[in-house]
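Presented below is the structure to which this report refers.
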Amino acid sequence: MIHTSYGQQSRFSMERMLPAPMEGSFQMDGYWVWGASVVEDGGMYHMYVTRVPKSYKFHPGWMIAGEIVHAVSERPEGPYRFHDVALGARGAQYWDGCSTYNPQIRKHKGRFYLFYGGTRHPYMQPSDKELTLQSKWCISSRFNKRIGIAVADSPYGPWQRPDKPSLDVEPNTFYSYLTSNPAPEILSDGQVYMIFKGRAHAGEGKYSKMHLGVAYAESPDSPLKVLNEKKPVFVQGEAEDPFLWKEGSYFYATFKDHRGEYTGEQGGGVLARSKDCIQWEVCHPAKAYSKTIRWADGRTTEMGNMERPFILFINGMPAYMFFATMNGTHTGFDGQEARNIVIPLSVD
């Protein structure tokens, strides 16, 4: 990534963030809830989100027991009500048969495209005590992480899930070990650009740091192909959880700043832009969001984790920003509660 100072020239900025409504969060008893993506249809707002039973620790429980559920609201800021399971478990014979997660919903010409991560393992489900980052369940599920695109004619489904990954791994690339965390943008003419996370094989039982690359398709129903000669566009191992959009002649992305390298805040958000979705420059100012939330009742809270940013555009303007949040400390997923929140954005 090239560091360049210039006016960000986007209609989105951190300064537009308003206090978060208390009733705008979405959570479910007995579940960790993570990573919302929202689309409007017929005056209703449809949220797709990952839930993981609290019988497991959130991390790495999402790798073996995640499912994407669908919630609805009459208002973009919520509150949202659980409606149904959109993409659940369907058996280890399928590439996404054991866990689905990180949904990103997009609407194009009356059809709905649900980009998501999926994985599988060949074992009986473990107990919480057995499931560790070094366990066979976690090793197998991480190794099998792939990206898929499910399609439906209605936000209520039924969803046509691909029998093969929409973006698979490829030998001798930065994504030879796994593909994950899709962040798509479907342009008005149907072209698809998608930032995604990859890891490469790094010897027996080992894998590289995460890198972000870009894939392209001529239409949402066409095959994805990795651009930039199959090389990453963010190579520091620092960037994760991207959100991508096109505004005017530029692509914009916001992503998690793991070590605070760009923003000075560990776990805060970075704003960057690109002409071609390959050569990226950090905006000035660089910070897109902070882990410290201002609530409508006047309180402020510093979250332990604040990830999976998603911006809902209304009439072409960034209007609401959604986040997955967890209390606890920034050193890991050690909180007792995980939910999605929404932050309104001023449109003046």
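Just so we're on the same page: first chain in the structure tokens is A, next is B, and so on; residues restart at 1 for each chain, and ligands are numbered from 1 in the order they show up.
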
Task: alpha helix (DSSP H) positions in stretch 114-245 of chain A, given as JSON, numbers by chain - done: {"A": [136, 137, 138, 139, 140, 141, 142, 143]}

Those residues you just picked out, can you put them in a file as a short mmCIF file (atom, residue, chain, number, x, y, z; two decimals), in the first residue's frame with N, CA and C atoms?
data_model
loop_
_atom_site.label_atom_id
_atom_site.label_comp_id
_atom_site.auth_asym_id
_atom_site.auth_seq_id
_atom_site.Cartn_x
_atom_site.Cartn_y
_atom_site.Cartn_z
N LYS A 136 -7.77 -30.94 16.02
CA LYS A 136 -7.99 -31.41 14.64
C LYS A 136 -9.18 -30.72 14.00
N TRP A 137 -10.20 -30.38 14.78
CA TRP A 137 -11.37 -29.71 14.24
C TRP A 137 -11.01 -28.33 13.70
N CYS A 138 -10.23 -27.60 14.47
CA CYS A 138 -9.86 -26.26 14.07
C CYS A 138 -8.88 -26.29 12.90
N ILE A 139 -7.90 -27.19 12.95
CA ILE A 139 -6.92 -27.28 11.87
C ILE A 139 -7.61 -27.61 10.55
N SER A 140 -8.51 -28.59 10.58
CA SER A 140 -9.21 -29.00 9.36
C SER A 140 -10.13 -27.90 8.86
N SER A 141 -10.87 -27.25 9.77
CA SER A 141 -11.81 -26.22 9.35
C SER A 141 -11.10 -24.99 8.80
N ARG A 142 -9.98 -24.62 9.39
CA ARG A 142 -9.23 -23.49 8.86
C ARG A 142 -8.70 -23.82 7.45
N PHE A 143 -8.17 -25.00 7.30
CA PHE A 143 -7.61 -25.43 6.01
C PHE A 143 -8.68 -25.46 4.91
#

Open item on the list: Taking 3 positions as the minimum chain separation for residues in the same chain, which residues sit within 10 Å of stretch 111-116 of chain A when counting only C-alpha atoms? Answer as a ChimeraX atom specification.
Closed with: /A:37,39,41,48,50,68,86-87,96,100-108,146-157,159-161,166,180-184,186,194,220-221

Can I get the selection written as a tab-separated table (two decimals), in the first residue's frame, with N, CA and C atoms?
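Resulting contents of again_36.tsv:
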chain	number	residue	atom	x	y	z
A	37	SER	N	-24.79	-7.72	7.63
A	37	SER	CA	-24.88	-7.13	6.30
A	37	SER	C	-26.35	-6.93	6.00
A	39	VAL	N	-29.72	-5.30	3.53
A	39	VAL	CA	-30.23	-4.86	2.23
A	39	VAL	C	-31.69	-4.47	2.40
A	41	ASP	N	-35.52	-4.09	0.75
A	41	ASP	CA	-36.37	-4.62	-0.30
A	41	ASP	C	-37.83	-4.42	0.09
A	48	TYR	N	-28.38	-10.08	7.41
A	48	TYR	CA	-27.80	-11.42	7.40
A	48	TYR	C	-26.58	-11.38	8.31
A	50	THR	N	-23.93	-13.84	11.21
A	50	THR	CA	-23.47	-15.13	11.72
A	50	THR	C	-23.87	-15.28	13.18
A	68	ILE	N	-25.49	-18.72	9.09
A	68	ILE	CA	-25.94	-17.39	8.70
A	68	ILE	C	-27.45	-17.33	8.85
A	86	ALA	N	-30.75	-18.69	7.12
A	86	ALA	CA	-30.55	-18.57	5.67
A	86	ALA	C	-29.63	-19.67	5.15
A	87	LEU	N	-28.47	-19.83	5.78
A	87	LEU	CA	-27.50	-20.84	5.37
A	87	LEU	C	-27.04	-21.60	6.60
A	96	ASP	N	-19.12	-26.25	2.29
A	96	ASP	CA	-19.58	-25.32	3.33
A	96	ASP	C	-20.53	-26.03	4.30
A	100	THR	N	-20.97	-21.70	8.22
A	100	THR	CA	-21.05	-20.57	7.30
A	100	THR	C	-20.93	-19.29	8.12
A	101	TYR	N	-20.33	-18.25	7.55
A	101	TYR	CA	-20.00	-17.06	8.33
A	101	TYR	C	-19.67	-15.90	7.39
A	102	ASN	N	-19.50	-14.72	7.97
A	102	ASN	CA	-19.08	-13.50	7.27
A	102	ASN	C	-19.94	-13.19	6.04
A	103	PRO	N	-21.26	-13.08	6.20
A	103	PRO	CA	-22.12	-12.80	5.05
A	103	PRO	C	-21.99	-11.36	4.55
A	104	GLN	N	-22.12	-11.20	3.24
A	104	GLN	CA	-22.20	-9.89	2.59
A	104	GLN	C	-23.30	-9.97	1.55
A	105	ILE	N	-24.42	-9.29	1.78
A	105	ILE	CA	-25.56	-9.35	0.89
A	105	ILE	C	-25.52	-8.19	-0.11
A	106	ARG	N	-25.85	-8.50	-1.38
A	106	ARG	CA	-25.95	-7.48	-2.42
A	106	ARG	C	-27.18	-7.78	-3.28
A	107	LYS	N	-27.81	-6.73	-3.79
A	107	LYS	CA	-28.98	-6.85	-4.66
A	107	LYS	C	-28.62	-6.29	-6.02
A	108	HIS	N	-28.97	-7.04	-7.09
A	108	HIS	CA	-28.70	-6.57	-8.45
A	108	HIS	C	-29.78	-7.08	-9.38
A	146	ARG	N	-13.32	-21.48	2.46
A	146	ARG	CA	-13.48	-21.04	1.08
A	146	ARG	C	-14.59	-19.98	1.01
A	147	ILE	N	-14.74	-19.37	-0.16
A	147	ILE	CA	-15.75	-18.34	-0.40
A	147	ILE	C	-16.80	-18.88	-1.35
A	148	GLY	N	-18.07	-18.59	-1.05
A	148	GLY	CA	-19.17	-18.97	-1.92
A	148	GLY	C	-20.12	-17.80	-2.18
A	149	ILE	N	-20.98	-17.96	-3.17
A	149	ILE	CA	-22.02	-16.98	-3.47
A	149	ILE	C	-23.33	-17.73	-3.61
A	150	ALA	N	-24.26	-17.50	-2.68
A	150	ALA	CA	-25.60	-18.07	-2.76
A	150	ALA	C	-26.53	-17.05	-3.43
A	151	VAL	N	-27.54	-17.54	-4.16
A	151	VAL	CA	-28.40	-16.68	-4.96
A	151	VAL	C	-29.86	-16.97	-4.64
A	152	ALA	N	-30.69	-15.92	-4.61
A	152	ALA	CA	-32.12	-16.08	-4.39
A	152	ALA	C	-32.88	-14.96	-5.10
A	153	ASP	N	-34.14	-15.21	-5.38
A	153	ASP	CA	-35.00	-14.20	-5.99
A	153	ASP	C	-35.75	-13.38	-4.94
A	154	SER	N	-35.58	-13.74	-3.69
A	154	SER	CA	-36.24	-13.05	-2.58
A	154	SER	C	-35.29	-13.03	-1.40
A	155	PRO	N	-35.32	-11.98	-0.58
A	155	PRO	CA	-34.48	-11.98	0.62
A	155	PRO	C	-34.87	-13.06	1.62
A	156	TYR	N	-36.05	-13.66	1.44
A	156	TYR	CA	-36.49	-14.75	2.31
A	156	TYR	C	-36.05	-16.12	1.78
A	157	GLY	N	-35.34	-16.13	0.64
A	157	GLY	CA	-34.92	-17.38	0.04
A	157	GLY	C	-36.00	-17.95	-0.85
A	159	TRP	N	-32.38	-20.13	-0.90
A	159	TRP	CA	-31.05	-19.80	-1.40
A	159	TRP	C	-30.46	-20.98	-2.17
A	160	GLN	N	-29.98	-20.69	-3.36
A	160	GLN	CA	-29.27	-21.68	-4.16
A	160	GLN	C	-27.79	-21.60	-3.79
A	161	ARG	N	-27.32	-22.61	-3.09
A	161	ARG	CA	-25.93	-22.62	-2.63
A	161	ARG	C	-25.07	-23.38	-3.63
A	166	SER	N	-17.06	-20.67	-4.85
A	166	SER	CA	-17.03	-19.64	-5.89
A	166	SER	C	-15.62	-19.07	-6.05
A	180	SER	N	-11.14	-16.40	2.22
A	180	SER	CA	-12.12	-16.05	3.24
A	180	SER	C	-12.46	-14.56	3.15
A	181	ASN	N	-13.43	-14.12	3.99
A	181	ASN	CA	-13.78	-12.72	4.20
A	181	ASN	C	-14.07	-11.95	2.90
A	182	PRO	N	-15.07	-12.38	2.12
A	182	PRO	CA	-15.37	-11.65	0.89
A	182	PRO	C	-15.95	-10.27	1.16
A	183	ALA	N	-15.52	-9.29	0.37
A	183	ALA	CA	-16.03	-7.92	0.44
A	183	ALA	C	-16.32	-7.47	-0.98
A	184	PRO	N	-17.55	-7.70	-1.49
A	184	PRO	CA	-17.86	-7.44	-2.90
A	184	PRO	C	-18.45	-6.06	-3.15
A	186	ILE	N	-20.90	-4.78	-6.48
A	186	ILE	CA	-21.49	-5.04	-7.78
A	186	ILE	C	-21.82	-3.69	-8.41
A	194	MET	N	-14.20	-7.83	-5.85
A	194	MET	CA	-14.30	-8.41	-4.51
A	194	MET	C	-12.92	-8.48	-3.85
A	220	PRO	N	-22.50	-11.01	-11.65
A	220	PRO	CA	-22.61	-11.79	-10.42
A	220	PRO	C	-22.74	-13.30	-10.64
A	221	ASP	N	-23.14	-13.69	-11.85
A	221	ASP	CA	-23.29	-15.11	-12.16
A	221	ASP	C	-22.12	-15.67	-12.95

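Atom CA of A:Gln279 to atom CA of A:Val214 spans 10.6 Å [interatomic distance, one decimal].
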
Task: Shell around A:Arg273 at 7 Å using only C-alpha atoms, local window under 3 positions removed, as a ChimeraX atom specification - done: /A:250-253,280-283

- [ ] Write out as a PyMOL selection string the residues lying within 9 Å of A:Asn144, counting only C-alpha atoms and excluding same-chain residues fewer than 5 positions away.
- [x] chain A and resi 95-96+118-121+139+177-179

Go ahead and write the selection's residues with N, CA, C and O atoms as a CSV table (one decimal), in the first residue's frame.
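Contents of out02.csv, freshly written:
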chain,number,residue,atom,x,y,z
A,95,TRP,N,-18.6,-28.4,0.7
A,95,TRP,CA,-17.5,-27.6,1.1
A,95,TRP,C,-17.8,-26.6,2.2
A,95,TRP,O,-17.0,-26.2,3.0
A,96,ASP,N,-19.1,-26.2,2.3
A,96,ASP,CA,-19.6,-25.3,3.3
A,96,ASP,C,-20.5,-26.0,4.3
A,96,ASP,O,-21.4,-25.4,4.9
A,118,GLY,N,-17.4,-20.3,4.0
A,118,GLY,CA,-17.8,-21.6,4.5
A,118,GLY,C,-16.7,-22.6,4.7
A,118,GLY,O,-15.6,-22.4,4.1
A,119,THR,N,-16.9,-23.6,5.5
A,119,THR,CA,-15.9,-24.6,5.7
A,119,THR,C,-16.5,-25.9,6.2
A,119,THR,O,-17.7,-26.0,6.4
A,120,ARG,N,-15.6,-26.9,6.4
A,120,ARG,CA,-16.1,-28.3,6.8
A,120,ARG,C,-14.9,-29.0,7.5
A,120,ARG,O,-13.8,-28.6,7.4
A,121,HIS,N,-15.3,-30.0,8.2
A,121,HIS,CA,-14.3,-31.0,8.8
A,121,HIS,C,-15.0,-32.3,8.8
A,121,HIS,O,-16.2,-32.5,8.7
A,139,ILE,N,-7.9,-27.2,13.0
A,139,ILE,CA,-6.9,-27.3,11.9
A,139,ILE,C,-7.6,-27.6,10.6
A,139,ILE,O,-7.4,-27.0,9.5
A,177,TYR,N,-3.7,-21.7,0.7
A,177,TYR,CA,-4.1,-22.4,1.9
A,177,TYR,C,-5.6,-22.2,2.2
A,177,TYR,O,-6.3,-23.1,2.5
A,178,LEU,N,-6.1,-21.0,2.0
A,178,LEU,CA,-7.5,-20.7,2.3
A,178,LEU,C,-7.9,-19.4,1.6
A,178,LEU,O,-7.1,-18.6,1.2
A,179,THR,N,-9.2,-19.2,1.3
A,179,THR,CA,-9.8,-18.0,0.9
A,179,THR,C,-11.0,-17.7,1.9
A,179,THR,O,-11.7,-18.6,2.3

Task: Proximity to A:Glu307 - best of A:Lys256, A:His70, A:Lys197, A:Lys109, only C-alpha atoms - done: A:Lys256

Task: Spatial neighbours of A:Glu170, 12 Å, only C-alpha atoms, chain gap at least 3 places, as a list in words - done: Arg146, Pro165, Leu167, Thr173, Phe174, Tyr175, Ser176, Tyr177, Leu178, Thr179, Gly198, Arg199, Ala200, His201, Lys225, Val226, Lys230 and Lys231 of chain A

Task: Per-residue DSSP, stretch 21-250 of chain A, filtered to strand (DSSP E or B), as a PyMOL selection string - done: chain A and resi 26+31-41+44-53+67-73+81-87+99-108+111-119+146-152+160+167+178-186+192-199+201+207+211-217+225-226+234+239-247+250

- [ ] Select, from A:Val49, A:Ala319, A:Met303, A:Ile311, the residue with the minimum atom-to-atom distance to A:Ser346, counting only C-alpha atoms.
- [x]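 Checking each candidate against A:Ser346, we get A:Ala319 as the closest.
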
Task: Interatomic distance (Å, one decimal) between atom CA of A:Thr254 and atom CA of A:Val233 - done: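 Calculated distance between atom CA of A:Thr254 and atom CA of A:Val233 is 14.0 Å.
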
- [ ] Can you work out the spacing between atom CA of A:Pro158 and atom CA of A:Phe82 in Å, to one decimal?
- [x]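 So the two atoms, atom CA of A:Pro158 and atom CA of A:Phe82, lie 16.4 Å apart.
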